file start12.txt (compact mmCIF, C-alpha atoms)
# COMPACT_ATOMS: atom_id res chain seq x y z
CA MET S 1 0.00 0.00 0.00
CA ILE S 2 1.37 3.42 -0.93
CA ILE S 3 1.32 5.75 2.06
CA THR S 4 0.47 8.83 -0.01
CA GLU S 5 -2.47 6.99 -1.57
CA SER S 6 -3.80 6.10 1.87
CA LYS S 7 -3.49 9.68 3.07
CA GLN S 8 -5.25 10.97 -0.03
CA ARG S 9 -8.15 8.56 0.37
CA ILE S 10 -8.54 9.53 4.04
CA SER S 11 -8.36 13.21 3.12
CA ASP S 12 -11.05 12.68 0.49
CA PHE S 13 -13.27 11.01 3.09
CA GLN S 14 -12.81 13.93 5.46
CA SER S 15 -13.74 16.35 2.68
CA HIS S 16 -16.88 14.33 2.03
CA VAL S 17 -17.70 14.46 5.76
CA ASN S 18 -17.34 18.24 5.65
CA SER S 19 -19.81 18.41 2.78
CA ARG S 20 -22.47 16.75 4.97
CA VAL S 21 -22.20 18.92 8.05
CA ARG S 22 -25.91 19.53 8.57
CA GLU S 23 -26.92 15.87 8.24
CA ILE S 24 -24.15 14.60 10.54
CA ARG S 25 -24.89 17.13 13.28
CA ALA S 26 -28.62 16.37 13.13
CA ALA S 27 -28.14 12.58 13.16
CA GLY S 28 -25.66 12.77 16.03
CA ASP S 29 -28.03 14.79 18.21
CA GLN S 30 -31.03 12.62 17.31
CA SER S 31 -29.14 9.41 18.10
CA TRP S 32 -29.11 10.41 21.79
CA GLN S 33 -32.51 12.13 21.83
CA ARG S 34 -34.16 8.81 20.92
CA VAL S 35 -32.75 7.08 23.99
CA THR S 36 -35.56 6.31 26.44
CA ALA S 37 -33.65 4.78 29.36
CA SER S 38 -32.98 6.56 32.63
CA GLY S 39 -29.89 6.49 34.80
CA GLU S 40 -26.34 7.09 33.66
CA VAL S 41 -25.35 3.48 32.95
CA GLU S 42 -28.66 2.49 31.34
CA ILE S 43 -28.65 5.56 29.09
CA VAL S 44 -25.18 4.68 27.80
CA ARG S 45 -26.18 1.06 27.25
CA ASP S 46 -29.40 2.07 25.46
CA PHE S 47 -27.37 4.35 23.19
CA LEU S 48 -25.02 1.50 22.32
CA VAL S 49 -27.36 -1.47 21.90
CA GLY S 50 -30.93 -0.11 21.61
CA LYS S 51 -32.84 -0.52 18.35
CA GLY S 52 -33.82 2.68 16.58
CA ARG S 53 -31.50 4.85 18.65
CA GLY S 54 -27.82 5.49 19.26
CA THR S 55 -25.56 3.28 17.18
CA ASP S 56 -28.46 1.72 15.29
CA TYR S 57 -29.87 5.15 14.42
CA LEU S 58 -26.46 6.36 13.18
CA ASN S 59 -26.26 3.32 10.90
CA ARG S 60 -29.70 4.04 9.49
CA SER S 61 -29.07 7.77 9.08
CA LEU S 62 -25.45 8.18 8.05
CA THR S 63 -23.83 5.08 6.60
CA SER S 64 -25.31 5.36 3.10
CA LEU S 65 -24.58 9.09 3.18
CA LEU S 66 -20.92 8.61 4.13
CA GLY S 67 -20.23 5.33 2.32
CA THR S 68 -19.30 6.57 -1.15
CA ASN S 69 -16.57 6.01 -3.74
CA GLY S 70 -15.67 2.48 -2.67
CA ARG S 71 -16.07 3.08 1.06
CA VAL S 72 -18.44 1.28 3.42
CA VAL S 73 -19.22 2.83 6.79
CA LYS S 74 -20.57 1.05 9.85
CA PHE S 75 -21.14 1.97 13.50
CA ALA S 76 -20.87 -0.90 15.99
CA SER S 77 -21.01 -1.14 19.78
CA ILE S 78 -20.05 -3.37 22.68
CA PHE S 79 -21.34 -2.97 26.23
CA LEU S 80 -19.61 -4.67 29.16
CA HIS S 81 -20.72 -5.18 32.74
CA GLN S 82 -17.41 -4.15 34.30
CA MET S 83 -15.58 -0.90 33.70
CA PRO S 84 -11.79 -0.44 33.97
CA MET S 85 -10.88 0.89 37.42
CA VAL S 86 -7.66 2.81 38.03
CA PHE S 87 -5.75 4.85 40.61
CA GLY S 88 -4.61 8.22 39.35
CA LEU S 89 -0.90 8.97 39.70
CA ARG S 90 -0.13 12.56 40.62
CA SER S 91 3.31 13.96 39.84
CA LEU S 92 5.46 15.21 42.70
CA PRO S 93 8.56 17.45 42.73
CA SER S 94 10.61 14.42 43.78
CA GLY S 95 9.74 12.75 40.49
CA GLN S 96 8.08 9.76 42.16
CA PRO S 97 4.34 9.76 41.34
CA ALA S 98 1.86 9.60 44.22
CA LYS S 99 -1.16 7.32 43.95
CA LEU S 100 -4.53 8.90 44.69
CA ASP S 101 -6.28 7.60 47.81
CA LYS S 102 -9.31 6.23 46.00
CA ARG S 103 -9.74 4.49 42.69
CA CYS S 104 -12.16 5.59 39.97
CA GLU S 105 -13.22 4.42 36.52
CA LEU S 106 -10.94 5.20 33.61
CA GLY S 107 -14.07 6.01 31.61
CA ASP S 108 -17.65 5.03 30.90
CA LEU S 109 -17.65 5.25 27.11
CA GLN S 110 -14.96 5.01 24.47
CA THR S 111 -15.26 5.78 20.77
CA LEU S 112 -12.76 4.35 18.30
CA PHE S 113 -12.48 5.46 14.67
CA LEU S 114 -10.96 2.91 12.28
CA TYR S 115 -10.14 3.58 8.64
CA LEU S 116 -9.41 0.14 7.16
CA ASP S 117 -8.05 -0.97 3.84
CA ARG S 118 -9.47 -3.85 1.82
CA ASP S 119 -7.66 -6.39 4.00
CA LYS S 120 -8.99 -4.77 7.19
CA SER S 121 -5.54 -3.42 8.02
CA ILE S 122 -5.64 -0.14 9.93
CA CYS S 123 -4.74 2.93 7.89
CA GLN S 124 -5.80 5.39 10.57
CA ALA S 125 -7.20 5.11 14.10
CA ARG S 126 -8.11 7.59 16.80
CA SER S 127 -10.02 7.42 20.03
CA VAL S 128 -11.72 9.38 22.81
CA ILE S 129 -12.53 8.11 26.31
CA PHE S 130 -15.39 9.83 28.12
CA GLN S 131 -16.40 10.19 31.73
CA ALA S 132 -20.22 10.14 31.51
CA LYS S 133 -22.48 12.08 33.85
CA LEU S 134 -26.18 12.87 33.70
CA LYS S 135 -25.76 16.66 33.96
CA PRO S 136 -22.94 19.13 34.59
CA HIS S 137 -22.30 19.93 38.23
CA THR S 138 -23.21 23.51 39.11
CA GLY S 139 -20.27 24.20 41.41
CA SER S 140 -16.71 25.23 40.65
CA HIS S 141 -16.23 22.14 38.46
CA VAL S 142 -18.60 20.48 35.98
CA ILE S 143 -17.58 17.12 37.51
CA ASP S 144 -18.14 16.75 41.25
CA HIS S 145 -16.20 13.48 41.71
CA PRO S 146 -12.71 14.55 42.92
CA GLN S 147 -10.80 11.45 41.77
CA GLN S 148 -12.40 11.43 38.33
CA ARG S 149 -11.70 15.07 37.61
CA GLU S 150 -8.16 14.89 38.99
CA LEU S 151 -7.46 11.85 36.81
CA TYR S 152 -8.51 13.68 33.65
CA ASP S 153 -7.36 17.19 34.54
CA GLU S 154 -4.09 16.70 36.40
CA CYS S 155 -2.70 13.17 36.74
CA GLU S 156 0.29 12.38 34.57
CA ALA S 157 -0.46 8.65 34.65
CA PHE S 158 -2.58 5.96 36.28
CA SER S 159 -2.21 2.46 37.70
CA TYR S 160 -4.71 -0.24 36.78
CA ASP S 161 -6.69 -1.75 39.63
CA THR S 162 -8.57 -4.01 37.21
CA VAL S 163 -7.89 -5.14 33.62
CA LEU S 164 -4.08 -5.15 34.02
CA LYS S 165 -3.78 -4.83 37.79
CA GLY S 166 -0.63 -3.06 38.93
CA GLN S 167 0.50 -1.88 35.50
CA ASN S 168 1.02 1.84 34.96
CA ARG S 169 0.13 3.90 31.90
CA ARG S 170 1.02 7.48 31.07
CA LEU S 171 -1.67 9.89 29.90
CA PRO S 172 -1.30 12.38 27.04
CA SER S 173 -0.15 15.87 27.93
CA GLY S 174 -0.59 19.36 26.57
CA HIS S 175 -3.15 20.06 23.86
CA LEU S 176 -3.25 16.36 22.90
CA ARG S 177 -4.83 15.51 26.23
CA GLU S 178 -8.10 17.31 25.46
CA ARG S 179 -8.45 15.30 22.25
CA ALA S 180 -8.20 12.06 24.22
CA LEU S 181 -10.04 12.62 27.53
CA GLN S 182 -13.43 14.32 27.58
CA TYR S 183 -16.68 14.51 29.53
CA ILE S 184 -20.15 13.71 28.20
CA PHE S 185 -23.46 14.69 29.80
CA VAL S 186 -26.11 12.22 28.70
CA ASP S 187 -29.34 13.49 30.26
CA GLU S 188 -29.92 17.19 29.68
CA ARG S 189 -33.27 16.49 28.05
CA PRO S 190 -35.11 18.11 26.37
CA GLY S 191 -31.83 19.69 25.29
CA PRO S 192 -29.18 17.74 23.34
CA VAL S 193 -26.48 15.59 24.86
CA ARG S 194 -23.31 17.63 25.24
CA VAL S 195 -19.59 16.88 25.24
CA ARG S 196 -17.13 18.94 27.30
CA THR S 197 -13.38 19.26 26.91
CA ILE S 198 -11.06 19.27 29.91
CA PRO S 199 -10.26 20.79 32.33
CA SER S 200 -13.40 20.45 34.43
CA ASN S 201 -13.07 23.92 35.97
CA ALA S 202 -16.19 25.99 35.36
CA GLY S 203 -15.59 28.44 32.53
CA GLN S 204 -12.46 26.77 31.15
CA GLY S 205 -13.39 23.76 29.03
CA ALA S 206 -15.59 24.03 25.91
CA PHE S 207 -19.09 22.56 25.53
CA GLU S 208 -20.42 21.27 22.22
CA ASN S 209 -23.50 19.31 21.22
CA TYR S 210 -22.85 15.64 20.51
CA GLY S 211 -23.74 16.14 16.84
CA GLU S 212 -20.92 18.67 16.52
CA HIS S 213 -18.56 16.31 18.35
CA LEU S 214 -19.46 13.48 15.97
CA LEU S 215 -18.72 15.70 12.98
CA ARG S 216 -15.35 16.66 14.44
CA PHE S 217 -14.58 13.04 15.32
CA LEU S 218 -15.26 11.96 11.74
CA ASN S 219 -13.17 14.74 10.16
CA ASP S 220 -10.21 14.25 12.56
CA SER S 221 -10.69 17.47 14.54
CA THR S 222 -10.96 15.55 17.80
CA GLY S 223 -9.91 12.15 19.07
CA LEU S 224 -6.24 11.33 19.55
CA ASP S 225 -4.33 9.22 17.04
CA VAL S 226 -3.71 5.57 17.90
CA PRO S 227 -0.76 3.68 16.31
CA PRO S 228 -2.00 0.63 14.37
CA ASN S 229 0.50 -1.69 16.08
CA LYS S 230 -0.83 -2.91 19.44
CA LEU S 231 2.75 -3.39 20.66
CA THR S 232 3.34 0.37 20.43
CA ASP S 233 5.21 2.31 23.10
CA ASP S 234 3.03 5.37 22.45
CA PRO S 235 1.31 6.15 25.79
CA TRP S 236 -2.18 6.79 24.39
CA GLY S 237 -1.83 3.88 22.00
CA GLN S 238 -1.09 1.58 24.93
CA VAL S 239 -4.21 2.74 26.79
CA VAL S 240 -6.47 2.28 23.78
CA TRP S 241 -5.07 -1.14 22.90
CA ASP S 242 -5.49 -2.15 26.56
CA MET S 243 -9.19 -1.29 26.29
CA ILE S 244 -9.58 -3.14 22.98
CA GLY S 245 -7.91 -6.18 24.52
CA ASN S 246 -10.12 -6.02 27.59
CA VAL S 247 -13.33 -5.73 25.56
CA SER S 248 -12.41 -8.51 23.15
CA LYS S 249 -11.30 -10.80 26.00
CA GLU S 250 -14.60 -10.23 27.81
CA VAL S 251 -16.84 -10.97 24.84
CA THR S 252 -14.71 -13.95 23.78
CA SER S 253 -14.81 -15.49 27.26
CA ARG S 254 -18.60 -15.23 27.16
CA GLY S 255 -18.72 -16.96 23.78
CA LEU S 256 -20.08 -13.86 22.02
CA VAL S 257 -17.31 -13.81 19.41
CA ARG S 258 -15.03 -16.60 18.25
CA ASN S 259 -11.68 -14.84 18.20
CA SER S 260 -10.10 -12.41 20.61
CA GLY S 261 -8.54 -9.10 19.67
CA LEU S 262 -9.65 -6.38 17.29
CA ASP S 263 -9.69 -8.84 14.37
CA GLY S 264 -12.23 -10.93 16.25
CA LEU S 265 -14.48 -7.92 16.82
CA LEU S 266 -14.23 -6.86 13.18
CA ASP S 267 -14.99 -10.40 12.05
CA HIS S 268 -18.08 -10.40 14.26
CA PHE S 269 -19.30 -7.17 12.68
CA ASN S 270 -18.19 -8.33 9.23
CA HIS S 271 -20.30 -7.59 6.14
CA PHE S 272 -20.11 -3.94 7.01
CA GLU S 273 -23.12 -3.07 4.85
CA ASN S 274 -25.32 -5.38 6.95
CA HIS S 275 -26.39 -3.25 9.90
CA GLU S 276 -28.58 -5.83 11.61
CA VAL S 277 -25.51 -7.06 13.51
CA PHE S 278 -24.40 -3.83 15.12
CA SER S 279 -23.97 -4.52 18.84
CA ILE S 280 -22.88 -6.92 21.56
CA ASP S 281 -24.38 -6.65 25.05
CA ALA S 282 -22.21 -8.77 27.33
CA THR S 283 -24.76 -8.34 30.13
CA GLY S 284 -27.34 -10.27 28.11
CA GLY S 285 -29.74 -7.35 28.42
CA ARG S 286 -30.04 -7.78 32.17
CA ARG S 287 -30.94 -4.57 33.94
CA LEU S 288 -28.04 -3.56 36.14
CA GLN S 289 -28.66 -3.03 39.82
CA LYS S 290 -27.93 0.19 41.64
CA GLY S 291 -24.18 0.44 42.17
CA GLU S 292 -23.34 -1.80 39.22
CA GLU S 293 -21.33 -0.16 36.48
CA GLY S 294 -20.74 -0.70 32.79
CA PHE S 295 -18.35 0.28 30.02
CA GLY S 296 -19.15 0.85 26.37
CA LEU S 297 -17.02 0.85 23.24
CA GLN S 298 -18.36 2.29 20.00
CA LEU S 299 -16.54 1.54 16.75
CA VAL S 300 -16.79 3.85 13.75
CA ILE S 301 -15.58 1.68 10.88
CA VAL S 302 -14.71 3.00 7.42
CA TRP S 303 -13.76 0.14 5.09
CA ASP S 304 -12.07 1.26 1.86
CA SER S 305 -12.23 -1.26 -0.98
CA LYS S 306 -9.81 0.83 -3.07
CA LEU S 307 -6.91 0.50 -0.65
CA GLY S 308 -4.82 -2.57 0.11
CA GLY S 309 -3.99 -5.88 -1.50
CA GLU S 310 -6.23 -8.76 -2.43
CA GLN S 311 -9.60 -8.88 -0.69
CA ARG S 312 -9.52 -11.20 2.30
CA ALA S 313 -12.11 -13.94 2.59
CA GLY S 314 -15.15 -12.95 4.56
CA VAL S 315 -15.01 -9.21 3.84
CA THR S 316 -17.85 -8.74 1.42
CA VAL S 317 -19.12 -5.43 0.12
CA LYS S 318 -22.21 -5.29 -2.08
CA PRO S 319 -22.35 -9.08 -2.52
CA LYS S 320 -24.07 -10.42 -5.61
CA ILE S 321 -26.61 -13.21 -5.54
CA GLY S 322 -24.90 -16.45 -4.60
CA VAL S 323 -22.21 -14.84 -2.45
CA GLU S 324 -22.35 -16.11 1.10
CA GLN S 325 -23.87 -13.53 3.40
CA ASN S 326 -24.32 -13.26 7.15
CA VAL S 327 -28.10 -13.76 7.09
CA GLN S 328 -30.48 -16.40 8.38
CA PRO S 329 -32.02 -18.82 5.84
CA ILE S 330 -35.49 -17.97 4.59
CA ASN S 331 -38.29 -20.33 5.65
CA PRO S 332 -41.28 -19.92 3.30
CA ASN S 333 -43.56 -21.62 5.84
CA VAL S 334 -42.91 -19.02 8.53
CA LYS S 335 -45.19 -15.99 8.54
CA HIS S 336 -45.06 -13.01 10.85
CA ASP S 337 -48.09 -11.00 11.84
CA LEU S 338 -47.12 -8.05 9.67
CA GLN S 339 -49.68 -5.37 8.89
CA PHE S 340 -49.24 -4.57 5.21
CA THR S 341 -51.11 -1.29 4.90
CA ASN S 342 -48.92 1.75 4.40
CA VAL S 343 -46.31 1.34 1.66
CA ASP S 344 -44.00 3.94 3.21
CA ASN S 345 -43.91 1.93 6.43
CA MET S 346 -43.29 -1.26 4.49
CA LEU S 347 -40.31 0.33 2.73
CA ALA S 348 -38.88 1.59 6.03
CA ASP S 349 -39.25 -1.90 7.51
CA LEU S 350 -37.68 -3.41 4.40
CA GLU S 351 -34.47 -1.46 4.99
CA PHE S 352 -34.03 -2.40 8.63
CA SER S 353 -35.87 -5.70 9.25
CA GLU S 354 -34.40 -9.16 9.64
CA ALA S 355 -34.14 -11.44 6.61
CA GLN S 356 -37.42 -13.33 7.13
CA GLN S 357 -39.48 -10.15 7.43
CA GLN S 358 -37.70 -8.66 4.41
CA HIS S 359 -38.71 -11.71 2.39
CA GLU S 360 -42.37 -11.33 3.33
CA ILE S 361 -42.37 -7.60 2.56
CA VAL S 362 -40.85 -8.19 -0.89
CA LEU S 363 -43.50 -10.84 -1.60
CA GLU S 364 -46.24 -8.39 -0.63
CA LEU S 365 -44.78 -5.66 -2.82
CA ASP S 366 -44.53 -8.10 -5.72
CA SER S 367 -48.19 -9.04 -5.23
CA ARG S 368 -49.23 -5.40 -5.24
CA ILE S 369 -47.39 -4.56 -8.44
CA ARG S 370 -48.85 -7.62 -10.19
CA CYS S 371 -52.36 -6.54 -9.13
CA ASN S 372 -51.63 -2.92 -10.07
CA ARG S 373 -52.12 -1.78 -6.48
CA LEU S 374 -49.12 0.57 -6.27
CA SER S 375 -49.53 4.25 -7.11
CA ASP S 376 -46.96 5.92 -9.35
CA GLN S 377 -45.36 7.60 -6.35
CA GLU S 378 -45.26 4.33 -4.39
CA ALA S 379 -43.72 2.55 -7.38
CA GLN S 380 -40.95 5.14 -7.65
CA GLY S 381 -40.29 4.98 -3.91
CA THR S 382 -40.16 1.18 -3.96
CA LEU S 383 -37.78 1.17 -6.92
CA LYS S 384 -35.47 3.62 -5.17
CA ILE S 385 -35.28 1.48 -2.01
CA LEU S 386 -34.77 -1.75 -3.96
CA ASN S 387 -31.96 -0.17 -5.98
CA SER S 388 -30.13 0.64 -2.75
CA ILE S 389 -30.61 -2.61 -0.79
CA CYS S 390 -31.03 -5.46 -3.28
CA HIS S 391 -27.37 -6.41 -2.96
CA SER S 392 -27.74 -6.96 0.80
CA LEU S 393 -30.86 -9.15 0.74
CA ALA S 394 -30.80 -12.89 1.28
CA PRO S 395 -30.42 -14.77 -2.04
CA GLU S 396 -34.03 -16.06 -2.17
CA THR S 397 -35.37 -12.58 -1.45
CA ALA S 398 -32.95 -10.88 -3.83
CA LYS S 399 -34.13 -12.99 -6.78
CA ILE S 400 -37.71 -11.85 -6.24
CA ALA S 401 -36.55 -8.29 -5.63
CA TYR S 402 -34.55 -8.17 -8.88
CA ASN S 403 -37.59 -9.34 -10.85
CA LEU S 404 -39.67 -6.75 -9.02
CA GLN S 405 -37.15 -4.08 -9.96
CA GLN S 406 -37.60 -4.88 -13.65
CA LYS S 407 -41.39 -4.65 -13.36
CA LEU S 408 -41.12 -1.34 -11.53
CA LYS S 409 -38.65 0.08 -14.05
CA SER S 410 -41.05 -0.80 -16.85
CA LYS S 411 -43.97 0.80 -14.99
CA VAL S 412 -42.04 3.98 -14.21
CA THR S 413 -40.62 4.22 -17.74
CA VAL S 414 -44.03 3.81 -19.36
CA LYS S 415 -45.50 6.52 -17.14
CA GLN S 416 -42.62 8.85 -17.98
CA MET S 417 -43.12 8.20 -21.72
CA LEU S 418 -46.84 8.90 -21.46
CA TYR S 419 -46.10 12.10 -19.56
CA VAL S 420 -43.62 13.28 -22.21
CA SER S 421 -45.99 12.42 -25.09
CA HIS S 422 -48.64 14.66 -23.58

call {"tool": "encode", "arguments": {"input": "start12.txt", "output": "structure tokens"}}
result
Amino acid sequence: MIITESKQRISDFQSHVNSRVREIRAAGDQSWQRVTASGEVEIVRDFLVGKGRGTDYLNRSLTSLLGTNGRVVKFASIFLHQMPMVFGLRSLPSGQPAKLDKRCELGDLQTLFLYLDRDKSICQARSVIFQAKLKPHTGSHVIDHPQQRELYDECEAFSYDTVLKGQNRRLPSGHLRERALQYIFVDERPGPVRVRTIPSNAGQGAFENYGEHLLRFLNDSTGLDVPPNKLTDDPWGQVVWDMIGNVSKEVTSRGLVRNSGLDGLLDHFNHFENHEVFSIDATGGRRLQKGEEGFGLQLVIVWDSKLGGEQRAGVTVKPKIGVEQNVQPINPNVKHDLQFTNVDNMLADLEFSEAQQQHEIVLELDSRIRCNRLSDQEAQGTLKILNSICHSLAPETAKIAYNLQQKLKSKVTVKQMLYVSH
């Protein structure tokens, strides 16, 4: 891979992001506004694994918008029961760091941007770790927990109490630190969720709506770079790779993915255009009790088919009929109690439903076109949706959908010809 080619492709992606500012900001804010849970931990979990909100909403709203020119974009999430706990290490004039009296969580939520080539090798990575709170504190600091704010604002390093107990890690310094460690306030409803840069002193850090943060995270204005080699000696790189290792170990030990490490997580979320598999909840959906904590990792994956060597088995973008896909087999004898009334609702369900429901919706649409029960506007809308998703349908469904496309094209073309002739 030519380095300059990689940089150019990434730069082109960032330019495309900057051309979609309004849509990205709106989708980012809405992704949190749709969360219905209450309580700090449950809100974060709902954002990560809930249907129709958070990560799932970002997939529905932004991936087709951002996935252009050979790129496929996917948001994916993992939620764990246990969070990484650390002791902050404060620097002293003697040079020997002093451990804080009490431990605290390293963070509640981490976002990781990955720009991958065709072989799923990392071309660029960056990450932010957030301390999550419901609302800003109204005192002299926006965070009222002394150990948490000292860890982010002042400590030069920390010592793991869990994950890698006893091992020390340095934290970024200077202006790089505010790209890596930030605060997020997840329940300021009806207002938007907001992100806050360090330090936590009132009047010093900068607030921004989450939608603005997402835009800046995508265009490389925030988030600190992570070396692609997990054996790096870069301090921030070590922290991020520790978290990736901890997450992958946890989900592998629970049998939720087959292989540990980042490769295992990417393999689990493989077929990046299929957004049905977008999350892992290691708690099994169990409601956490008061005092229990959690940790979430959100991946923002950009897979570039125009970079890298030969395509590796299992990484499939826009598969044709007959290519193995990560979908359940269609059972023609299974019927769901679907209410086929409004075509617009059917088309929305077609985009985001599981394979069996997609099959039934396509059959219903095919029946309606054969019986001439689709209006001209409905026919055009159906054709548009089928053009965008046919490649991702299960083979049995795709065959019917391709035939339906041809019927719809003929219907739309005839109507256009009649309109022109008049």

call {"tool": "atom_distance", "arguments": {"input": "start12.txt", "atom1": "atom CA of S:Ser410", "atom2": "atom CA of S:Gln356"}}
result
27.3 Å

call {"tool": "residues_around", "arguments": {"input": "start12.txt", "residues": "S:Met243", "least_positions_apart": "3", "cutoff": "9 Å", "atoms": "all atoms listed in the file", "output": "PDB file with C-alpha atoms, in the coordinates of the input"}}
result
ATOM      1  CA  PRO S  84     -11.790  -0.440  33.970  1.00  0.00           C
ATOM      2  CA  GLN S 110     -14.960   5.010  24.470  1.00  0.00           C
ATOM      3  CA  VAL S 163      -7.890  -5.140  33.620  1.00  0.00           C
ATOM      4  CA  GLN S 238      -1.090   1.580  24.930  1.00  0.00           C
ATOM      5  CA  VAL S 239      -4.210   2.740  26.790  1.00  0.00           C
ATOM      6  CA  VAL S 240      -6.470   2.280  23.780  1.00  0.00           C
ATOM      7  CA  ASN S 246     -10.120  -6.020  27.590  1.00  0.00           C
ATOM      8  CA  VAL S 247     -13.330  -5.730  25.560  1.00  0.00           C
ATOM      9  CA  SER S 248     -12.410  -8.510  23.150  1.00  0.00           C
ATOM     10  CA  LEU S 297     -17.020   0.850  23.240  1.00  0.00           C
TER      11      LEU S 297
END

call {"tool": "atom_distance", "arguments": {"input": "start12.txt", "atom1": "atom CA of S:Glu105", "atom2": "atom CA of S:Leu231"}}
result
23.8 Å

call {"tool": "closest_residue", "arguments": {"input": "start12.txt", "among": "S:Pro190, S:Gly223, S:Pro146, S:Gly50", "to": "S:Leu114", "atoms": "only C-alpha atoms"}}
result
S:Gly223

call {"tool": "residues_around", "arguments": {"input": "start12.txt", "residues": "S:Ala37", "least_positions_apart": "2", "cutoff": "12 Å", "atoms": "all atoms listed in the file", "output": "PDB file with C-alpha atoms, in the coordinates of the input"}}
result
ATOM      1  CA  TRP S  32     -29.110  10.410  21.790  1.00  0.00           C
ATOM      2  CA  GLN S  33     -32.510  12.130  21.830  1.00  0.00           C
ATOM      3  CA  ARG S  34     -34.160   8.810  20.920  1.00  0.00           C
ATOM      4  CA  VAL S  35     -32.750   7.080  23.990  1.00  0.00           C
ATOM      5  CA  GLY S  39     -29.890   6.490  34.800  1.00  0.00           C
ATOM      6  CA  GLU S  40     -26.340   7.090  33.660  1.00  0.00           C
ATOM      7  CA  VAL S  41     -25.350   3.480  32.950  1.00  0.00           C
ATOM      8  CA  GLU S  42     -28.660   2.490  31.340  1.00  0.00           C
ATOM      9  CA  ILE S  43     -28.650   5.560  29.090  1.00  0.00           C
ATOM     10  CA  VAL S  44     -25.180   4.680  27.800  1.00  0.00           C
ATOM     11  CA  ARG S  45     -26.180   1.060  27.250  1.00  0.00           C
ATOM     12  CA  ASP S  46     -29.400   2.070  25.460  1.00  0.00           C
ATOM     13  CA  PHE S  47     -27.370   4.350  23.190  1.00  0.00           C
ATOM     14  CA  LEU S  48     -25.020   1.500  22.320  1.00  0.00           C
ATOM     15  CA  VAL S  49     -27.360  -1.470  21.900  1.00  0.00           C
ATOM     16  CA  GLY S  50     -30.930  -0.110  21.610  1.00  0.00           C
ATOM     17  CA  ARG S  53     -31.500   4.850  18.650  1.00  0.00           C
ATOM     18  CA  GLY S  54     -27.820   5.490  19.260  1.00  0.00           C
ATOM     19  CA  LEU S 134     -26.180  12.870  33.700  1.00  0.00           C
ATOM     20  CA  VAL S 186     -26.110  12.220  28.700  1.00  0.00           C
ATOM     21  CA  ASP S 187     -29.340  13.490  30.260  1.00  0.00           C
ATOM     22  CA  ARG S 189     -33.270  16.490  28.050  1.00  0.00           C
ATOM     23  CA  ARG S 287     -30.940  -4.570  33.940  1.00  0.00           C
TER      24      ARG S 287
END

call {"tool": "residues_around", "arguments": {"input": "start12.txt", "residues": "S:Leu100", "least_positions_apart": "3", "cutoff": "9 Å", "atoms": "all atoms listed in the file", "output": "VMD selection string"}}
result
chain S and resid 87 to 90 103 147 151

call {"tool": "atom_distance", "arguments": {"input": "start12.txt", "atom1": "atom CA of S:Gln298", "atom2": "atom CA of S:Ser77"}}
result
4.3 Å

call {"tool": "closest_residue", "arguments": {"input": "start12.txt", "among": "S:Phe158, S:Tyr210, S:Phe278, S:Trp236", "to": "S:Leu181", "atoms": "all atoms listed in the file"}}
result
S:Trp236

call {"tool": "closest_residue", "arguments": {"input": "start12.txt", "among": "S:Ala355, S:Val86, S:Asp233, S:Arg20", "to": "S:Gly166", "atoms": "all atoms listed in the file"}}
result
S:Val86

call {"tool": "closest_residue", "arguments": {"input": "start12.txt", "among": "S:Asp12, S:Asp366, S:Asp29, S:Asp376", "to": "S:His213", "atoms": "all atoms listed in the file"}}
result
S:Asp29

call {"tool": "closest_residue", "arguments": {"input": "start12.txt", "among": "S:Leu215, S:Ala394, S:Ala282, S:Leu383", "to": "S:Leu80", "atoms": "all atoms listed in the file"}}
result
S:Ala282

call {"tool": "residues_around", "arguments": {"input": "start12.txt", "residues": "S:Leu112", "least_positions_apart": "2", "cutoff": "6 Å", "atoms": "only C-alpha atoms", "output": "list in words"}}
result
Arg126, Ser127 and Leu299 of chain S

call {"tool": "closest_residue", "arguments": {"input": "start12.txt", "among": "S:Asp119, S:Asp263, S:Asp101, S:Glu364", "to": "S:Leu404", "atoms": "all atoms listed in the file"}}
result
S:Glu364

call {"tool": "residues_around", "arguments": {"input": "start12.txt", "residues": "S:Thr63", "least_positions_apart": "5", "cutoff": "8 Å", "atoms": "all atoms listed in the file", "output": "list of chain:residue names"}}
result
S:Leu58, S:Val72, S:Val73, S:Lys74

call {"tool": "write_last_selection", "arguments": {"input": "start12.txt", "atoms": "C-alpha atoms", "output": "PDB file, keeping the file's coordinate frame"}}
result
ATOM      1  CA  LEU S  58     -26.460   6.360  13.180  1.00  0.00           C
ATOM      2  CA  VAL S  72     -18.440   1.280   3.420  1.00  0.00           C
ATOM      3  CA  VAL S  73     -19.220   2.830   6.790  1.00  0.00           C
ATOM      4  CA  LYS S  74     -20.570   1.050   9.850  1.00  0.00           C
TER       5      LYS S  74
END

call {"tool": "axis_aligned_box", "arguments": {"input": "start12.txt", "around": "stretch 62-74 of chain S", "padding_each_side": "5 Å", "output": "lines of an AutoDock Vina configuration file"}}
result
center_x = -20.6
center_y = 5.1
center_z = 3.1
size_x = 19.8
size_y = 18.0
size_z = 23.6
